[in-house]
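Scroll down for the structure; my scribbles are underneath it.
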Amino acid sequence: MESEVTPNAAGGSSSRDRSSTWTSKPFVVVPNDDAVNLPEIAAAAVKQFALSSPDIILTFVSGTRAFGTWKNEDHRAALQKGIIKIINACETWILDAGLDYGLSRMIGNAVRDEQRYRKSRKEYEMFAKGHQQQPHSRHSVVLMGITATALLEGKSDQPLQQDPLGTDPSHTHFIFVNGPVEAVATRQANLAVELVHQTMHVLQKIPNSPSNAPSSAAAGENVSEKLAQHEQIPLVAMLVQGDETALDMVEIYLKHGVPVLVVKGTGLMADVLAFAFEECKELGPGPHLEKFRLDMTKHIGRIFPASVADGSLENLCEKLLKCIGLAKQPDKELMSVIASSEYLSDLDSIVLPVIFAARSPSLNALPQQISKDFLLTMKLNRPNLARANVLRRDYDGVVLANNELFEKALLWLGRESFVEEFMEGDIAVHKFLNHSSLLRLFRLADNRDFFVALLEDIFPGRFSQNESFEESLVTVDLNLIIQQLTTLPKFLSMHELSSNYFGLYAHDAFVAERKAMNALMVWAVLMNRFSLAETLLKFCEDPIPMALFVSAMFRGLSGHCDASLTTKLHEQSRNFSMKAIDILDMSYRESSERTFDLLNQKFADFNNKTPIKMAYESENKFFLAHESCQIWLTRLWEGGIKVYGPTDSLIPSEAKLIISALLLFPINFWIQYDSKEFLKHQQADNAADINENGSLHNDVPLEQDDPVGLLLRNISRHGDPMDLSSPKNNETSEATLQKLEDLSLLESRLVSGKPTEPLSLNVPRKRAPPVIRYHRRRKALPFWRKVYYLWSAPRTKFWMFQLFYWVYLAIFSIAVILPSCNKTHLDAVIFIWTAFGVIELGLRTAYQARHDFPVSIRRRVIEIVVTIVFVLAAVILRRYSGLVRPLYTRALFATGLLYMYYRMISVFFPMNPDLGPTLYRIKRMILVDFVSFVRLAFPFILANLFVLQAVMYPDVPFGVETWRQGFHRAFFTLFTAFIQEIDYTPRCEATRIFNHSDTCWTGDYADHTCPTLGVISYVLNIQYWIIMRLILMVLLSALFAATMIKVKEDAEYIFKYQRYSTVLDFASRSALPPPLSVVGYLFDWIVACCARTKRIDPGHRKQLTQPRSIKLIDRRSAVIRSNESYSYWMGLTKEYYRKKAEEERERKVPAEQLKKLEFMTFDLLV
């Protein structure tokens, strides 16, 4: 839109366009006076415009009449995009000629489009969030035109030498400069420099230069010297095309120490200056000046032929040489050349290095300047430039220790690389984060819409978009949110967080840092900052549990968000799950023992849960399916025992296990015991019996200087010294030898009561480093311990429980099929056996619930209640047989038998690697496919139930038989077609009615049980059979087949996931199955009574009554991790991210090479 601007006395400008619409533009006027005080004019402009302090100022230098078309329009669009990108990233002032022509018009068009977009975006936000909600704040747009009035129609006392121009309507401010065009160019450059100085004085309170300072080059140098004592507002001049006056402006900028960026390839003066600068830089000092002058004269004459005619060619050449001379500084670079390309869209990445290179080393070394430069790079989101040009100047590490900058890096979107720099700089997060700063993060986050929507879903009516969060959000509500998403209660302690912030550590600084990282991770996840959570994971001491925790949080968030975000949140949950798996896999391939130590470790921050348990509770089937987790489960499943013999033996290993458990004597030749495993557990059993006074529970005192007593206390406190793979056991070989000798003495004293031979040690002498080798000779396990270990193994329990359950089902089946009067004793056996089974299930459920086992209490309670009701009902009906028909009693028994058979499938079949996945497929087909099929088929079944009954049997009396017959025909057509109903039979033909005198009788036969046949009956039956038999049943088969294919891989994961709950279920069961379990419970009750009367120590009671498999889990979980172990996992995580980044770079190499080739090809063509 073309417009004209008329300066007026009111301090504003009036813009009149073709539609006669008037708007006001702020402006100031510079009079045509050589003695004008430019600093005062600039100060008046800064105060009158009332603008905020800019982060960067870009001034564009171009021609007024020598602006041609771009050689590549994509490059022009890229420059517009780069300008808008800077405007949106930080407070930016754009200075140009302000004319509705050339470069000023191009910049104005870009700003106009941006303002239109902001307006539409603001209207959308106001509509979407409500009128009470403030729209998203953006940086102001300042497009200032320093305009020569001599170029405007009728706005100058000087006669116009050319056609008049107008001002661009998209500019926000104007500074009108009176005087001839040739003199205005230098004033424009000097005025831009003074604007920077006065802005620093007025807005940043930096001392001003003398008010009578002249606007000469010497004054410019004095200003530069004064400004060098303070941090500066970056000013960059960009030369795009341009004419002779543009070269004068470049000279002024260079005299003032302003960096000039020349865009080569845009044409005219920009190409001339770029050519001269690059040639001079390439030739260097020497006897090349005359030849260089000659080449430059030819080059200028070719681009500016008018200079040859008017004799200004030599003058232009001298100005070029002068500009190049001014650009050469010993300690800084004032001129840079950039080729016109699509890279101009990243104009900020081009401008920032120019700014840093144009400063003196003393200015770059100022701490305030370093912090300001880092903040600018962070606003523009250029971490590579911050790393290369700013942080290398920060020798004292002041920037990376600044909590305010760290907070901005967290709050601003997309600043994950800066957060990583802070974390690499070892910022103390616990010295930054307390409950107040955490609340401030929630309040000031860039985009909190997701979190507010979550709060509104979890706490309806308590939170809204336009309300500030109260302190109760972090002190009370935050833990409730975490518990609802992950089932972890009281995950964060605001009291501990704030105490650590003030140095009042509850534990130590390392724990405080870990707690602060946990809180920061929670904030990142709740704000849906996926990339930030990824970055923080690199610096977590426990990356695998944290990744599982974050995965669980994202999975929980998917249930409280809009449907459009559910898929994305599931992907994020899967991504963190895969990170945990990849890190676990790297560790497993590097050190399997360390991996198993991690899987056994209980993490206090996560409610003392192991990673395997966290994965199960968060339904992370992919983590549990990892090889190391499955090996861990297999070890627990086997319970330390193995069956001798090859797998293809005539006698299956399961049969050997059952026979050994029942007959006992085959234990000696069929069962193998892991001697190292059982020795470790036996020593732990003995060590656990030591009381606080250093004596055993059998009151045998231990001398304070007794090495056995010292070793026992060391085992009880720090674990098993025989575990040489432990990261803590890094002593010398002599210390390890001494431990082995002490352990030999320990075995002789505690196990057999007789002295044994010392350990046979063999230390190689010629190896470096030496490796300790030893051979232990000890007595075999006692037979009673072998029997105890065998029956305590979860694998043995599984087969023994299954064997007894099959016997129970066999007796139950016989009891059901026998006549009612001949099975009284069998009924009693069934009742007693079932009662013991219910007792065992109830006690097991109570134990598992008390110890936080992965069990569904609701399902268990329903199962127990149903079984009790069945037993009571069966006993009552058998005792009082006259209450109901015997048939109903038999039906009750048959239903109970059916339930027990189905229960057997759900309890024992999931452990089979073949049947387990198949059961999941069947479950999916029933609960998903068949339910969908029933929903689809139900309208057809219901409609044809009434229609066919009404047409074929119109005279059947209404009653129960009518419903039974209609349902029978409609439903069982799914399995067979009732063809016989549409056949003519002699019996029915004998009762045919030929004269329908009775209007109430509708059918063709006097016998109402005969179907009335005809065209209508055939048509209705045929359409029903086609729909049900040929369409819906085929569709059901297709659904089943598709499910089998679709869940093939998922079924394997589900099987491995459910294997965890099955293994732990059998590990927590009693060693004896029902009905023999009464013996084990009777023993437990006796021990409990003895403990109550203090005849047995409570610790000894736990050793006697707790299932051995659970004791193995607890002991394996008692691993104490060292600082070296924490460093190992953090290092492994960083190595994982490094490999991922390297793979990503390799993936992008072909695209980057292709882009460079295209750029080089275009450069050659130009």
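Order determines the names: the first chain of the structure tokens is A, the second B, and so forth; residues in each chain are numbered 1 upward, and ligands are numbered 1 upward as they are shown.
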
Show which residues sit within 10 Å of region 1001-1014 of chain A, as an MDAnalysis selection string. Count only C-alpha atoms, and ignore same-chain residues fewer than 2 positions away.
chainID A and resid 949:957 981:985 987:999 1016:1019

Output N, CA and C atoms for every residue in the selection just made, as a short mmCIF file (atom, residue, chain, number, x, y, z; two decimals), in the first residue's frame.
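Dumped to out39.cif:
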data_model
loop_
_atom_site.label_atom_id
_atom_site.label_comp_id
_atom_site.auth_asym_id
_atom_site.auth_seq_id
_atom_site.Cartn_x
_atom_site.Cartn_y
_atom_site.Cartn_z
N GLN A 949 -39.94 -65.18 13.96
CA GLN A 949 -40.95 -65.79 14.82
C GLN A 949 -42.35 -65.32 14.42
N ALA A 950 -42.50 -64.06 14.10
CA ALA A 950 -43.82 -63.52 13.76
C ALA A 950 -44.32 -64.06 12.43
N VAL A 951 -43.44 -64.29 11.47
CA VAL A 951 -43.87 -64.73 10.14
C VAL A 951 -44.05 -66.24 10.08
N MET A 952 -43.16 -67.01 10.70
CA MET A 952 -43.22 -68.47 10.57
C MET A 952 -44.13 -69.12 11.60
N TYR A 953 -44.28 -68.54 12.77
CA TYR A 953 -45.15 -69.11 13.81
C TYR A 953 -46.10 -68.01 14.31
N PRO A 954 -47.02 -67.61 13.49
CA PRO A 954 -47.88 -66.47 13.86
C PRO A 954 -48.92 -66.80 14.92
N ASP A 955 -49.24 -68.08 15.12
CA ASP A 955 -50.33 -68.43 16.01
C ASP A 955 -49.88 -69.07 17.31
N VAL A 956 -48.55 -69.08 17.58
CA VAL A 956 -48.05 -69.66 18.83
C VAL A 956 -48.45 -68.74 19.97
N PRO A 957 -49.03 -69.29 21.04
CA PRO A 957 -49.42 -68.46 22.18
C PRO A 957 -48.19 -67.77 22.78
N GLU A 981 -36.68 -76.30 9.28
CA GLU A 981 -37.86 -75.50 9.54
C GLU A 981 -38.56 -75.06 8.26
N ILE A 982 -37.87 -75.05 7.16
CA ILE A 982 -38.50 -74.59 5.91
C ILE A 982 -38.84 -75.78 5.00
N ASP A 983 -38.91 -76.99 5.55
CA ASP A 983 -39.33 -78.17 4.81
C ASP A 983 -40.80 -78.47 5.09
N TYR A 984 -41.51 -78.92 4.05
CA TYR A 984 -42.90 -79.36 4.22
C TYR A 984 -42.88 -80.78 4.78
N THR A 985 -43.67 -81.02 5.85
CA THR A 985 -43.73 -82.34 6.50
C THR A 985 -45.16 -82.89 6.39
N ARG A 987 -46.84 -84.44 8.57
CA ARG A 987 -47.62 -84.16 9.78
C ARG A 987 -48.29 -82.80 9.70
N CYS A 988 -47.56 -81.83 9.23
CA CYS A 988 -48.12 -80.48 9.14
C CYS A 988 -49.10 -80.37 7.98
N GLU A 989 -48.82 -81.06 6.87
CA GLU A 989 -49.73 -80.97 5.72
C GLU A 989 -51.10 -81.54 6.06
N ALA A 990 -51.15 -82.49 6.97
CA ALA A 990 -52.44 -83.08 7.36
C ALA A 990 -53.32 -82.09 8.10
N THR A 991 -52.71 -81.05 8.62
CA THR A 991 -53.50 -80.05 9.38
C THR A 991 -53.63 -78.73 8.62
N ARG A 992 -53.36 -78.73 7.30
CA ARG A 992 -53.42 -77.48 6.53
C ARG A 992 -54.85 -76.95 6.51
N ILE A 993 -55.04 -75.70 6.58
CA ILE A 993 -56.33 -75.03 6.53
C ILE A 993 -56.51 -74.45 5.12
N PHE A 994 -57.58 -74.87 4.44
CA PHE A 994 -57.82 -74.39 3.08
C PHE A 994 -58.80 -73.22 3.04
N ASN A 995 -59.63 -73.12 4.07
CA ASN A 995 -60.61 -72.02 4.09
C ASN A 995 -60.39 -71.22 5.37
N HIS A 996 -59.83 -70.04 5.25
CA HIS A 996 -59.50 -69.21 6.41
C HIS A 996 -60.73 -68.39 6.78
N SER A 997 -61.68 -69.07 7.45
CA SER A 997 -62.89 -68.35 7.88
C SER A 997 -62.65 -67.58 9.18
N ASP A 998 -61.69 -68.07 9.99
CA ASP A 998 -61.38 -67.41 11.26
C ASP A 998 -60.29 -66.36 11.02
N THR A 999 -60.67 -65.13 11.16
CA THR A 999 -59.71 -64.06 10.88
C THR A 999 -58.64 -63.94 11.95
N ILE A 1016 -42.43 -65.11 1.58
CA ILE A 1016 -41.94 -64.20 2.62
C ILE A 1016 -41.02 -64.94 3.59
N SER A 1017 -41.42 -66.14 3.99
CA SER A 1017 -40.59 -66.92 4.92
C SER A 1017 -39.24 -67.24 4.31
N TYR A 1018 -39.24 -67.63 3.02
CA TYR A 1018 -37.98 -67.94 2.36
C TYR A 1018 -37.08 -66.71 2.26
N VAL A 1019 -37.66 -65.60 1.86
CA VAL A 1019 -36.86 -64.38 1.69
C VAL A 1019 -36.24 -63.94 3.03
#

Near region 661-671 of chain A, within 9 Å and counting only C-alpha atoms, which residues show up once chain neighbours fewer than 4 positions away are dropped, as a ChimeraX atom specification?
/A:641-645,653,656-657,783,786-787,790-791,796,800

Next, write the just-selected residues to a file, as a CSV table (one decimal), in the first residue's frame, keeping C-alpha atoms as the atom set.
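New file again24.csv:
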chain,number,residue,atom,x,y,z
A,641,ILE,CA,18.9,-75.6,41.4
A,642,LYS,CA,19.4,-77.3,38.1
A,643,VAL,CA,18.3,-80.6,36.7
A,644,TYR,CA,21.1,-82.9,35.5
A,645,GLY,CA,20.9,-84.4,32.0
A,653,SER,CA,13.5,-82.4,33.2
A,656,LYS,CA,12.9,-85.5,37.1
A,657,LEU,CA,12.1,-82.5,39.2
A,783,PHE,CA,20.6,-83.7,52.7
A,786,LYS,CA,18.9,-80.1,49.7
A,787,VAL,CA,15.3,-81.1,50.3
A,790,LEU,CA,14.4,-78.1,46.3
A,791,TRP,CA,10.9,-77.6,47.7
A,796,THR,CA,9.4,-76.8,42.1
A,800,MET,CA,4.0,-79.5,42.6

Arg555 (chain A) environment, 12 Å, only C-alpha atoms, sequence neighbours closer than 2 positions dropped, as an NGL selection string:
:A and (482 or 484-487 or 525-526 or 528 or 548-553 or 557-561 or 565-577 or 615 or 617-620)

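Shortest separation to Met1044 (chain A) among A:Arg1029, A:Lys264, A:Lys923, A:Lys71 occurs at residue A:Lys923, atoms counted being only C-alpha atoms.
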
Let me make sure I understand: among A:Ser591, A:Lys1046, A:Met1028, A:Glu1052, which one has the smallest atom-to-atom distance to His626 (chain A) if we use only C-alpha atoms?
A:Glu1052

The residue from A:Val196, A:Pro367, A:Pro259, A:Asp457 with the smallest atom-to-atom distance to Glu333 (chain A), counting only C-alpha atoms, is A:Pro259

What parts of region 921-951 of chain A does DSSP call alpha helix (DSSP H)? I'd like the answer as a PyMOL selection string.
chain A and resi 921-924+931-951

Near region 837-852 of chain A, within 9 Å and counting only C-alpha atoms, which residues show up once chain neighbours fewer than 3 positions away are dropped, as a ChimeraX atom specification?
/A:832-834,855-857,860-861,863-864,867-868,1065,1068-1070,1073-1075,1077-1078,1081

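Nearest residue to Leu1076 (chain A) among A:Phe938, A:Tyr1128, A:Phe836, A:Phe554 is A:Phe836, counting only C-alpha atoms.
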
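Shortest atom-to-atom contact with Phe451 (chain A) among A:Ile631, A:Met527, A:Val30, A:Ile370: A:Met527, counting only C-alpha atoms.
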
When you look at Val258 (chain A) with a cut-off of 8 Å (counting only C-alpha atoms), what residues show up, excluding the ones that are within fewer than 4 positions of it in the same chain? I need them as a ChimeraX atom specification.
/A:235-237,253-254,334,358

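Residue nearest Val193 (chain A) within the list A:Thr172, A:Asn178, A:Pro234, A:Ala357: A:Pro234 [criterion: smallest interatomic distance, only C-alpha atoms].
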
What lies within 8 Å of region 74-90 of chain A using only C-alpha atoms, ignoring chain neighbours under 2 positions off, as a list in words?
Pro54, Asp55, Ile56, Trp70, Asn72, Thr92, Met106, Ile107, Ala110, Val111, Glu114, Arg138, His139, Ser140, Val141, Ser340, Ser341, Glu342, Tyr343, Leu344, Ser345, Asp346, Leu347, Asp348, Leu376, Lys379 and Leu380 of chain A

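Between CA of Ser468 (chain A) and CA of Arg443 (chain A) lies a distance of 6.7 Å.
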